[in-house]
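> Here's a structure for you.
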Amino acid sequence: MSTTDIDSDTDARLCRLFNAGRIDALDLEFARMIGRQCRSTRWDWLLAAALASHAPALGHVCEPLAGPRRLLLGADERGEALWTPQAAGWLQRLRDCPALGRPGELKPLLLDASGRLYLYRYWLAERTLAERLLALAAQPVAVDEARLAADLATLFPGAAADDGQLRAAATAALSALALITGGPGTGKTTTLASVLAALLRQGEPPPRIALAAPTGKAAARMGEALDQRRPAIAAAFGADFAAQLPTTAMTLHRLLGLRPDGSARHDAATPLDCDVLVIDEASMVDLTLMSRTLAALPPRARLILLGDRHQLASVDAGAVLGDLGAQAGPPSPAFAERLRRVAGAAPAAAEAGSALRDGIAELSVSHRFGADSGIGRLARAINAGDADAALASLEAGLDDLAWQPAAGSEAAVARALAGYEAYLQALAAGADAPALAAAFAGFRLLAATRHGPLGVETLNARIEARIRQRLRCGEVLWYPGRAVMVTRNDYTLGLFNGDVGIAVGSEQGLRVAFVGADGHCRTLPVPRLPEHEPVFAMTVHKAQGSEFEHVLLVLAASEQATSRELFYTGVTRARRQLELLAEREALQQAVQTVKPRASGLADRLAGQWD
């Protein structure tokens with residue numbers, strides 16, 4: 001059965017979905033392949049195949065078919081409106097599809113008992129990850145509780161027994177699988193440093209600790225933050241001991257040794273060489289990468305995850321941190337008793353507690369955004385889904401918040417140039433590369449999308465045109481002061497996705513300077529750069545894992561990408577000053593729009609299996 005053998009009406013409807021951008025070319029061809037394999041032209045079968053194929057591109061692990069009918073495409077000159085079939089009949093008819101299997105069968109498509117339709121590889125990754133997380137959470141941990149209690153008292157002197165960081169540190173030290181979640185400034189890294197110090201003091205030999213993050217930028221920030229905690233550890237246990245605190249982190253891709261062909265240096269057969277694995281910015285880790293990481297974890301090793309579960313989920317499919325965080329709740333009686341022994345107090349226990357729930361600790365007190373902080377008030381209102389409170393915080397005249405109810409690209413460019421004024425003045429004064437990098441890092445323009453009038457491609461082009469005009473350098477692509485961001489890891493050069501470089505003049509001509517956290521500067525000729533793009537404006541997704549003193553966030557009401565998670569993530573990239581450029585309608589839409597990701601992981605972690 002060839003492509004042309006597919007019923008012309010079925011194929012025409014699939015092509016309408018493709019032409020309207022509802023599915024991609026790969027999804028269209030996958031549906032056609034299923035039709036050939038099944039020797040069928042049934043619309044309900046092929047539509048399900050196309051939607052399951054397209055789901056991961058939208059961040060979903062599966063396509064939920066059990067919900068109400070959905071409008072896929074309105075009526076137009078090419079045909080009538082296209083809707084998904086009624087769920088009950090659709091699910092029944094799909095069970096006759098030869099390409100569809102039950103969980104565990106090796107078929108292209110899998111349908112679970114809850115009506116979730118998966119591509120086989122995503123079903124396998126989800127099930128494997130859930131099994132490994134539950135097994136890890138149930139793994140017993142041998143701890144010298146008396147020493148741990150004494151060390152925590154030293155690390156948190158004067159802390160109340162119900163101190164959130166103390167309790168989180170105790171939770172992580174007592175758990176094989178720990179999740180420390182919280183917003184910016186709640187002390188996740190401070191808590192982690194204390195956990196690692198406590199584990200290093202548990203006896204000989206000291207545990208081998210590996211630090212990782214999804215991106216090079218996040219890994220660098222994690223190392224910097226832990227290094228800043230070294231003096232506090234030294235004050236508690238001495239400089240020699242503090243020198244043992246690990247501060248070198250790497251990307252998960254590098255840690256696993258992932259290769260272009262999909263293989264890896266580390267997997268279940270050749271596990272990682274560590275006793276404790278720490279992953280920061282875990283909300284950015286997708287389902288497949290997290291599954292591969294768990295597979296490479298050695299037997300008896302611990303896993304500590306850190307992140308903000310209210311932030312945007314990973315670019316690729318899944319919302320692992322969110323699904324894990326959804327399991328939070330009162331501890332089991334046995335774990336609550338252990339917490340009381342080492343931390344002095346514990347929350348009320350629940351008879352129906354679980355090992356997975358025992359390892360979850362949420363930090364809620366921000367040490368960055370105080371009670372009077374406008375940024376903090378706005379972030380809390382966004383998380384609560386309270387659009388009125390969000391607008392009230394913007395209209396309150398608070399020092400760290402500024403709102404301009406306009407959404408034109410010209411206004412965004414003008415405000416961005418004002419934000420980069422200190423950088424441009426440093427450039428004009430002939431500042432060296434470290435000074436330029438520091439000035440540039442103080443401000444960033446963030447947008448929701450790449451494309452459109454308020455997308456980063458348009459904004460970067462317009463900002464660069466204005467900068468070229470100011471510098472009188474004509475239409476050249478490269479000029480002193482051009483700022484770019486690496487978009488692909490290059491381990492040979494030691495440059496990673498998210499690294500920012502600035503073009504500077506030299507005796508060898510124009511070069512791009514990259515300044516490390518330690519102030520060390522190295523330069524590369526332009527032709528040697530890995531893949532890169534201008535970075536005067538960047539997407540909120542790309543900014544995840546980074547922070548800036550001053551942020552200009554632009555939102556448009558028409559942007560489908562806008563959501564509560566994106567708005568919150570953009571707002572919390574600002575440390576001291578947030579400028580918001582958005583119409584009132586856009587703000588209300590962002591606060592009220594929640595985009596949950598379809599997945600069965602939360603159900604599996606809660607004990608609901610096929």
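By order of appearance in the structure tokens: chains A, B, ..., then residues from 1 within every chain, and ligands from 1 in the order shown.
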Counting only C-alpha atoms, what is within 12 Å of Ala150 of chain A, bar same-chain residues fewer than 5 positions away, as a list in words?
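The contact residues come out as Asp144, Glu145, Leu155, Phe156, Pro157, Ala170, Ala198, Arg201, Gln202, Ala236, Phe237, Arg341, Val342, Ala343 and Gly344 of chain A.
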> Restricting the output to N, CA and C atoms, write the selected residues as a tab-separated table (two decimals), in the first residue's frame.

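As a result, selection-v7.tsv now contains:
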chain	number	residue	atom	x	y	z
A	144	ASP	N	24.55	8.08	60.25
A	144	ASP	CA	24.86	8.26	61.67
A	144	ASP	C	24.04	9.46	62.14
A	145	GLU	N	22.87	9.19	62.71
A	145	GLU	CA	21.94	10.26	63.03
A	145	GLU	C	22.47	11.21	64.09
A	155	LEU	N	25.83	23.76	61.35
A	155	LEU	CA	25.62	24.44	60.06
A	155	LEU	C	24.48	25.45	60.11
A	156	PHE	N	23.52	25.22	61.00
A	156	PHE	CA	22.38	26.13	61.13
A	156	PHE	C	22.30	26.64	62.57
A	157	PRO	N	23.31	27.39	63.02
A	157	PRO	CA	23.32	27.83	64.42
A	157	PRO	C	22.16	28.78	64.71
A	170	ALA	N	17.95	18.23	56.42
A	170	ALA	CA	17.77	16.94	57.09
A	170	ALA	C	17.04	15.95	56.19
A	198	ALA	N	27.40	17.80	55.31
A	198	ALA	CA	26.97	16.78	56.27
A	198	ALA	C	27.26	15.38	55.75
A	201	ARG	N	30.89	14.45	56.05
A	201	ARG	CA	31.31	14.21	57.43
A	201	ARG	C	30.72	12.93	58.02
A	202	GLN	N	30.06	12.14	57.20
A	202	GLN	CA	29.45	10.91	57.73
A	202	GLN	C	30.46	9.79	57.95
A	236	ALA	N	32.45	26.56	59.92
A	236	ALA	CA	31.84	25.49	60.71
A	236	ALA	C	32.81	24.35	61.00
A	237	PHE	N	33.59	23.97	59.99
A	237	PHE	CA	34.39	22.74	60.13
A	237	PHE	C	35.86	22.91	59.75
A	341	ARG	N	14.50	13.43	65.25
A	341	ARG	CA	15.76	13.08	65.90
A	341	ARG	C	16.93	13.92	65.40
A	342	VAL	N	16.94	14.26	64.10
A	342	VAL	CA	18.11	14.97	63.57
A	342	VAL	C	17.89	16.47	63.43
A	343	ALA	N	16.63	16.92	63.33
A	343	ALA	CA	16.37	18.35	63.13
A	343	ALA	C	15.62	18.98	64.29
A	344	GLY	N	15.13	18.16	65.20
A	344	GLY	CA	14.45	18.71	66.37
A	344	GLY	C	12.95	18.84	66.23
> Within 10 Å of Arg482 of chain A, counting only C-alpha atoms, which residues show up once you throw out same-chain ones fewer than 5 positions away? Write them as an MDAnalysis selection string, please.
chainID A and resid 464 467:468 477 501:504 512 534:536
> For segment 431-436 of chain A, work out the shell of residues within 10 Å, counting only C-alpha atoms and skipping chain neighbours fewer than 4 positions away, then give it as a tab-separated table (two decimals) with N, CA and C atoms, in the first residue's frame.

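Generated output (around35.tsv):
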chain	number	residue	atom	x	y	z
A	422	ALA	N	24.42	51.69	30.13
A	422	ALA	CA	25.67	51.54	30.89
A	422	ALA	C	26.67	50.69	30.10
A	423	TYR	N	26.18	49.68	29.43
A	423	TYR	CA	27.05	48.84	28.61
A	423	TYR	C	27.62	49.63	27.44
A	424	LEU	N	26.77	50.38	26.76
A	424	LEU	CA	27.22	51.15	25.60
A	424	LEU	C	28.20	52.24	26.01
A	425	GLN	N	28.01	52.82	27.18
A	425	GLN	CA	28.96	53.82	27.67
A	425	GLN	C	30.30	53.17	28.00
A	426	ALA	N	30.27	51.99	28.59
A	426	ALA	CA	31.52	51.27	28.88
A	426	ALA	C	32.24	50.94	27.58
A	427	LEU	N	31.48	50.58	26.56
A	427	LEU	CA	32.07	50.29	25.25
A	427	LEU	C	32.73	51.53	24.67
A	440	PHE	N	27.29	44.25	30.57
A	440	PHE	CA	26.26	43.63	29.73
A	440	PHE	C	25.37	42.70	30.55
A	441	ALA	N	25.95	41.99	31.51
A	441	ALA	CA	25.20	41.01	32.30
A	441	ALA	C	24.20	41.67	33.25
A	481	GLY	N	31.57	45.23	20.37
A	481	GLY	CA	30.41	45.33	21.25
A	481	GLY	C	29.28	44.40	20.88
A	501	GLY	N	29.31	35.81	24.70
A	501	GLY	CA	30.57	36.42	24.30
A	501	GLY	C	30.36	37.80	23.72
A	502	ILE	N	31.37	38.63	23.82
A	502	ILE	CA	31.30	40.01	23.33
A	502	ILE	C	32.45	40.27	22.38
A	503	ALA	N	32.16	40.84	21.22
A	503	ALA	CA	33.18	41.15	20.23
A	503	ALA	C	34.04	42.32	20.71
A	504	VAL	N	35.35	42.12	20.68
A	504	VAL	CA	36.29	43.17	21.10
A	504	VAL	C	37.40	43.29	20.06
A	505	GLY	N	37.97	44.47	19.93
A	505	GLY	CA	39.08	44.68	19.02
A	505	GLY	C	40.38	44.16	19.63
A	512	VAL	N	36.08	37.42	19.81
A	512	VAL	CA	34.94	37.34	20.73
A	512	VAL	C	35.46	36.90	22.08
A	513	ALA	N	35.18	37.70	23.10
A	513	ALA	CA	35.69	37.45	24.45
A	513	ALA	C	34.63	36.75	25.29
A	514	PHE	N	35.07	35.70	25.99
A	514	PHE	CA	34.21	34.99	26.94
A	514	PHE	C	34.87	35.11	28.32
A	515	VAL	N	34.13	35.66	29.26
A	515	VAL	CA	34.67	35.91	30.60
A	515	VAL	C	34.03	34.93	31.57
A	516	GLY	N	34.87	34.16	32.27
A	516	GLY	CA	34.37	33.17	33.21
A	516	GLY	C	33.96	33.79	34.53
A	517	ALA	N	33.39	32.97	35.38
A	517	ALA	CA	32.93	33.45	36.69
A	517	ALA	C	34.10	33.94	37.54
A	519	GLY	N	36.54	35.62	36.40
A	519	GLY	CA	37.10	36.81	35.77
A	519	GLY	C	38.09	36.50	34.67
A	520	HIS	N	38.43	35.22	34.52
A	520	HIS	CA	39.38	34.85	33.46
A	520	HIS	C	38.74	35.08	32.09
A	521	CYS	N	39.49	35.69	31.21
A	521	CYS	CA	38.97	36.03	29.88
A	521	CYS	C	39.76	35.30	28.80
A	522	ARG	N	39.06	34.74	27.86
A	522	ARG	CA	39.71	34.16	26.69
A	522	ARG	C	38.97	34.62	25.46
A	523	THR	N	39.70	34.74	24.37
A	523	THR	CA	39.10	35.25	23.15
A	523	THR	C	39.28	34.26	22.01
> Run DSSP on the backbone and give me the residues of segment 95-188 of chain A it puts in alpha helix (DSSP H), as a ChimeraX atom specification.
/A:120-137,145-155,164-173,188
> Just the selected residues (C-alpha atoms), exported as a PDB file, in the first residue's frame, please.

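As written to disk, part_14.pdb reads:
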ATOM      1  CA  TYR A 120       6.339   3.459  22.244  1.00  0.00           C
ATOM      2  CA  ARG A 121       9.648   5.182  23.123  1.00  0.00           C
ATOM      3  CA  TYR A 122       7.931   7.751  25.342  1.00  0.00           C
ATOM      4  CA  TRP A 123       5.807   5.130  27.088  1.00  0.00           C
ATOM      5  CA  LEU A 124       8.964   3.112  27.800  1.00  0.00           C
ATOM      6  CA  ALA A 125      10.916   6.154  29.039  1.00  0.00           C
ATOM      7  CA  GLU A 126       8.061   7.204  31.334  1.00  0.00           C
ATOM      8  CA  ARG A 127       7.490   3.748  32.794  1.00  0.00           C
ATOM      9  CA  THR A 128      11.217   3.126  33.278  1.00  0.00           C
ATOM     10  CA  LEU A 129      11.718   6.485  34.953  1.00  0.00           C
ATOM     11  CA  ALA A 130       8.774   5.948  37.310  1.00  0.00           C
ATOM     12  CA  GLU A 131      10.034   2.494  38.304  1.00  0.00           C
ATOM     13  CA  ARG A 132      13.532   3.807  39.000  1.00  0.00           C
ATOM     14  CA  LEU A 133      12.354   6.837  40.946  1.00  0.00           C
ATOM     15  CA  LEU A 134      10.116   4.712  43.159  1.00  0.00           C
ATOM     16  CA  ALA A 135      12.862   2.138  43.693  1.00  0.00           C
ATOM     17  CA  LEU A 136      15.367   4.843  44.552  1.00  0.00           C
ATOM     18  CA  ALA A 137      12.978   6.532  46.983  1.00  0.00           C
ATOM     19  CA  GLU A 145      21.935  10.259  63.026  1.00  0.00           C
ATOM     20  CA  ALA A 146      23.783  11.556  66.091  1.00  0.00           C
ATOM     21  CA  ARG A 147      26.575  12.994  63.947  1.00  0.00           C
ATOM     22  CA  LEU A 148      24.098  14.342  61.423  1.00  0.00           C
ATOM     23  CA  ALA A 149      22.116  16.106  64.159  1.00  0.00           C
ATOM     24  CA  ALA A 150      25.295  17.661  65.588  1.00  0.00           C
ATOM     25  CA  ASP A 151      26.533  18.769  62.168  1.00  0.00           C
ATOM     26  CA  LEU A 152      23.198  20.308  61.224  1.00  0.00           C
ATOM     27  CA  ALA A 153      23.175  22.218  64.514  1.00  0.00           C
ATOM     28  CA  THR A 154      26.623  23.565  63.616  1.00  0.00           C
ATOM     29  CA  LEU A 155      25.619  24.438  60.064  1.00  0.00           C
ATOM     30  CA  GLY A 164      12.711  25.449  56.381  1.00  0.00           C
ATOM     31  CA  GLN A 165      16.336  25.140  55.284  1.00  0.00           C
ATOM     32  CA  LEU A 166      17.281  23.016  58.299  1.00  0.00           C
ATOM     33  CA  ARG A 167      14.363  20.686  57.671  1.00  0.00           C
ATOM     34  CA  ALA A 168      15.148  20.491  53.935  1.00  0.00           C
ATOM     35  CA  ALA A 169      18.792  19.678  54.664  1.00  0.00           C
ATOM     36  CA  ALA A 170      17.766  16.937  57.092  1.00  0.00           C
ATOM     37  CA  THR A 171      15.269  15.565  54.577  1.00  0.00           C
ATOM     38  CA  ALA A 172      17.884  15.365  51.836  1.00  0.00           C
ATOM     39  CA  ALA A 173      20.517  13.820  54.120  1.00  0.00           C
ATOM     40  CA  LYS A 188      18.247  25.956  47.664  1.00  0.00           C
TER      41      LYS A 188
END
> Write out as a PyMOL selection string which residues come within 9 Å of Pro98 of chain A when counting only C-alpha atoms, dropping same-chain ones fewer than 4 positions away.
chain A and resi 37-38+94+107
> Could you turn the residues from that selection into a file that holds N, CA and C atoms, as a PDB file, in the first residue's frame?

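Result file is out02.pdb:
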ATOM      1  N   GLN A  37       0.927   0.337   7.110  1.00  0.00           N
ATOM      2  CA  GLN A  37       1.192  -0.840   7.935  1.00  0.00           C
ATOM      3  C   GLN A  37      -0.094  -1.574   8.270  1.00  0.00           C
ATOM      4  N   CYS A  38      -1.152  -0.815   8.540  1.00  0.00           N
ATOM      5  CA  CYS A  38      -2.429  -1.423   8.923  1.00  0.00           C
ATOM      6  C   CYS A  38      -3.323  -1.724   7.723  1.00  0.00           C
ATOM      7  N   LEU A  94     -10.015   2.261  18.406  1.00  0.00           N
ATOM      8  CA  LEU A  94      -8.553   2.204  18.336  1.00  0.00           C
ATOM      9  C   LEU A  94      -8.017   0.849  18.784  1.00  0.00           C
ATOM     10  N   LYS A 107       4.833  -2.213  20.001  1.00  0.00           N
ATOM     11  CA  LYS A 107       4.055  -1.688  18.880  1.00  0.00           C
ATOM     12  C   LYS A 107       4.368  -0.200  18.740  1.00  0.00           C
TER      13      LYS A 107
END
> Which residues are near Arg415 of chain A? Cut-off 8 Å, only C-alpha atoms, ignore same chain within fewer than 4 positions. Put them as a PDB file with N, CA and C atoms, in the first residue's frame.

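Output file out39.pdb is given in full below:
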ATOM      1  N   ALA A 411       8.615  50.563  21.247  1.00  0.00           N
ATOM      2  CA  ALA A 411       8.748  50.845  22.674  1.00  0.00           C
ATOM      3  C   ALA A 411       9.722  49.876  23.330  1.00  0.00           C
ATOM      4  N   GLY A 419      18.174  50.389  28.777  1.00  0.00           N
ATOM      5  CA  GLY A 419      18.716  49.401  29.698  1.00  0.00           C
ATOM      6  C   GLY A 419      20.167  49.071  29.429  1.00  0.00           C
ATOM      7  N   LEU A 552      13.908  43.545  31.396  1.00  0.00           N
ATOM      8  CA  LEU A 552      12.769  44.109  30.665  1.00  0.00           C
ATOM      9  C   LEU A 552      12.041  42.936  30.027  1.00  0.00           C
TER      10      LEU A 552
END
> If you run DSSP over the backbone, which residues in segment 425-601 of chain A end up strand (DSSP E)? Put them as a VMD selection string.
chain A and resid 443 to 447 483 to 486 500 to 504 511 to 515 521 to 525 532 to 534 537 to 539 548 to 554 574 to 581
> Kindly indicate which residue among A:Ala282, A:Trp45, A:Asn489, A:Val456 lies nearest to Pro260 of chain A, using only C-alpha atoms for the distances.
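Using only C-alpha atoms, the shortest distance to Pro260 of chain A belongs to A:Asn489.
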> Would you please work out which residue, of A:Ile209, A:Leu454, A:Ala387, A:Leu578, is nearest to Ser373 of chain A when using only C-alpha atoms?
A:Leu578
> Can you tell me how far atom CA of Asn19 of chain A sits from atom CA of Arg32 of chain A, in Å to one decimal?
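Here the two named atoms are 15.6 Å from each other.
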> Mind pulling up the distance from atom CA of Ala313 of chain A to atom CA of Gln592 of chain A?
17.3 Å
> Considering only C-alpha atoms, state which residue in the set A:Ala557, A:Leu312, A:Leu106, A:Ile463 is at the smallest distance from Val594 of chain A.
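Using only C-alpha atoms, the shortest distance to Val594 of chain A belongs to A:Leu312.
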> Out of A:Thr181, A:Ser599, A:Gln544, A:Ser283, which residue has the shortest atom-to-atom distance to Thr572 of chain A when counting only C-alpha atoms?
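Among A:Thr181, A:Ser599, A:Gln544, A:Ser283, it is A:Gln544 that comes nearest to Thr572 of chain A.
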> With a distance cut-off of 12 Å and only C-alpha atoms, select the neighbouring residues of Ala556 of chain A, excluding the residue or stretch itself and same-chain residues fewer than 2 positions from it, and output the selection as number ranges by chain.
A: 405-409, 412, 447-449, 451-455, 553-554, 558-563, 567, 580-590
> Go ahead and write the residues just picked, N, CA and C atoms, as an mmCIF file, in the first residue's frame.

data_model
loop_
_atom_site.group_PDB
_atom_site.id
_atom_site.type_symbol
_atom_site.label_atom_id
_atom_site.label_comp_id
_atom_site.auth_asym_id
_atom_site.auth_seq_id
_atom_site.Cartn_x
_atom_site.Cartn_y
_atom_site.Cartn_z
ATOM 1 N N PRO A 405 2.039 49.945 29.982
ATOM 2 C CA PRO A 405 0.984 49.185 29.289
ATOM 3 C C PRO A 405 0.972 49.439 27.787
ATOM 4 N N ALA A 406 2.037 49.026 27.138
ATOM 5 C CA ALA A 406 2.143 49.103 25.679
ATOM 6 C C ALA A 406 2.947 47.908 25.231
ATOM 7 N N ALA A 407 2.724 47.469 24.002
ATOM 8 C CA ALA A 407 3.389 46.238 23.571
ATOM 9 C C ALA A 407 3.989 46.357 22.175
ATOM 10 N N GLY A 408 4.310 47.572 21.733
ATOM 11 C CA GLY A 408 4.896 47.736 20.412
ATOM 12 C C GLY A 408 6.385 47.458 20.423
ATOM 13 N N SER A 409 6.900 46.991 19.292
ATOM 14 C CA SER A 409 8.327 46.669 19.218
ATOM 15 C C SER A 409 9.189 47.923 19.338
ATOM 16 N N ALA A 412 9.665 48.602 22.928
ATOM 17 C CA ALA A 412 10.575 47.602 23.495
ATOM 18 C C ALA A 412 12.021 47.919 23.150
ATOM 19 N N ALA A 447 11.730 37.963 25.974
ATOM 20 C CA ALA A 447 10.482 37.877 25.217
ATOM 21 C C ALA A 447 9.961 36.455 25.262
ATOM 22 N N ALA A 448 8.689 36.298 24.915
ATOM 23 C CA ALA A 448 8.050 34.981 25.014
ATOM 24 C C ALA A 448 8.433 34.069 23.857
ATOM 25 N N THR A 449 8.640 34.635 22.674
ATOM 26 C CA THR A 449 8.825 33.808 21.482
ATOM 27 C C THR A 449 10.017 34.280 20.663
ATOM 28 N N HIS A 451 9.710 34.395 17.181
ATOM 29 C CA HIS A 451 9.214 35.019 15.956
ATOM 30 C C HIS A 451 8.141 36.064 16.259
ATOM 31 N N GLY A 452 7.840 36.875 15.256
ATOM 32 C CA GLY A 452 6.800 37.881 15.392
ATOM 33 C C GLY A 452 7.375 39.245 15.746
ATOM 34 N N PRO A 453 6.520 40.272 15.771
ATOM 35 C CA PRO A 453 6.981 41.639 16.055
ATOM 36 C C PRO A 453 7.684 41.781 17.401
ATOM 37 N N LEU A 454 7.263 40.980 18.384
ATOM 38 C CA LEU A 454 7.897 41.028 19.702
ATOM 39 C C LEU A 454 8.702 39.763 19.987
ATOM 40 N N GLY A 455 9.106 39.057 18.922
ATOM 41 C CA GLY A 455 9.975 37.902 19.070
ATOM 42 C C GLY A 455 11.432 38.334 19.112
ATOM 43 N N LEU A 553 10.811 42.695 30.451
ATOM 44 C CA LEU A 553 10.020 41.568 29.956
ATOM 45 C C LEU A 553 8.896 42.102 29.083
ATOM 46 N N VAL A 554 8.806 41.598 27.843
ATOM 47 C CA VAL A 554 7.748 42.036 26.937
ATOM 48 C C VAL A 554 6.817 40.860 26.650
ATOM 49 N N SER A 558 -1.495 38.367 21.922
ATOM 50 C CA SER A 558 -1.759 37.402 20.866
ATOM 51 C C SER A 558 -0.821 36.206 20.901
ATOM 52 N N GLU A 559 0.171 36.217 21.787
ATOM 53 C CA GLU A 559 1.167 35.154 21.791
ATOM 54 C C GLU A 559 0.624 33.882 22.429
ATOM 55 N N GLN A 560 0.565 32.810 21.645
ATOM 56 C CA GLN A 560 0.072 31.540 22.166
ATOM 57 C C GLN A 560 1.041 30.940 23.176
ATOM 58 N N ALA A 561 2.311 31.348 23.092
ATOM 59 C CA ALA A 561 3.309 30.779 23.999
ATOM 60 C C ALA A 561 3.180 31.318 25.410
ATOM 61 N N THR A 562 2.452 32.414 25.596
ATOM 62 C CA THR A 562 2.354 33.030 26.919
ATOM 63 C C THR A 562 1.554 32.149 27.873
ATOM 64 N N SER A 563 2.060 32.017 29.083
ATOM 65 C CA SER A 563 1.381 31.203 30.095
ATOM 66 C C SER A 563 1.795 31.689 31.470
ATOM 67 N N PHE A 567 5.328 33.555 32.402
ATOM 68 C CA PHE A 567 5.297 34.861 33.050
ATOM 69 C C PHE A 567 6.090 34.808 34.359
ATOM 70 N N LEU A 580 8.152 45.874 32.900
ATOM 71 C CA LEU A 580 7.203 45.057 32.165
ATOM 72 C C LEU A 580 6.563 45.893 31.068
ATOM 73 N N LEU A 581 6.622 45.371 29.864
ATOM 74 C CA LEU A 581 6.031 46.040 28.710
ATOM 75 C C LEU A 581 4.936 45.128 28.177
ATOM 76 N N ALA A 582 3.677 45.436 28.502
ATOM 77 C CA ALA A 582 2.585 44.554 28.121
ATOM 78 C C ALA A 582 1.256 45.252 28.345
ATOM 79 N N GLU A 583 0.299 44.982 27.458
ATOM 80 C CA GLU A 583 -1.052 45.489 27.654
ATOM 81 C C GLU A 583 -1.705 44.746 28.822
ATOM 82 N N ARG A 584 -2.683 45.387 29.448
ATOM 83 C CA ARG A 584 -3.398 44.764 30.565
ATOM 84 C C ARG A 584 -3.960 43.401 30.170
ATOM 85 N N GLU A 585 -4.513 43.314 28.963
ATOM 86 C CA GLU A 585 -5.091 42.055 28.491
ATOM 87 C C GLU A 585 -4.039 40.953 28.446
ATOM 88 N N ALA A 586 -2.827 41.313 28.013
ATOM 89 C CA ALA A 586 -1.756 40.317 27.933
ATOM 90 C C ALA A 586 -1.382 39.792 29.310
ATOM 91 N N LEU A 587 -1.358 40.671 30.295
ATOM 92 C CA LEU A 587 -1.023 40.256 31.656
ATOM 93 C C LEU A 587 -2.090 39.328 32.225
ATOM 94 N N GLN A 588 -3.342 39.717 32.043
ATOM 95 C CA GLN A 588 -4.431 38.879 32.548
ATOM 96 C C GLN A 588 -4.409 37.514 31.875
ATOM 97 N N GLN A 589 -4.170 37.504 30.567
ATOM 98 C CA GLN A 589 -4.128 36.246 29.834
ATOM 99 C C GLN A 589 -2.998 35.363 30.338
ATOM 100 N N ALA A 590 -1.834 35.963 30.577
ATOM 101 C CA ALA A 590 -0.688 35.175 31.040
ATOM 102 C C ALA A 590 -0.951 34.559 32.408
#
> List as a PyMOL selection string the protein and nucleic acid residues near Thr189 of chain A, meaning an atom at most 12 Å away when only C-alpha atoms are counted, but skip any in the same chain fewer than 4 places from it.
chain A and resi 165+168-169+180-185+193-196+211+221-230+247+278-281+304-307+363
> Which is closest to Pro108 of chain A among A:Thr190, A:Gln404, A:Ser53, A:Thr593, if we use only C-alpha atoms?
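Among the listed residues, the smallest separation from Pro108 of chain A belongs to A:Ser53.
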> What gap, in Å, lies between atom CA of Ala437 of chain A and atom CA of Leu378 of chain A?
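Atom-to-atom, atom CA of Ala437 of chain A to atom CA of Leu378 of chain A, that is 29.1 Å.
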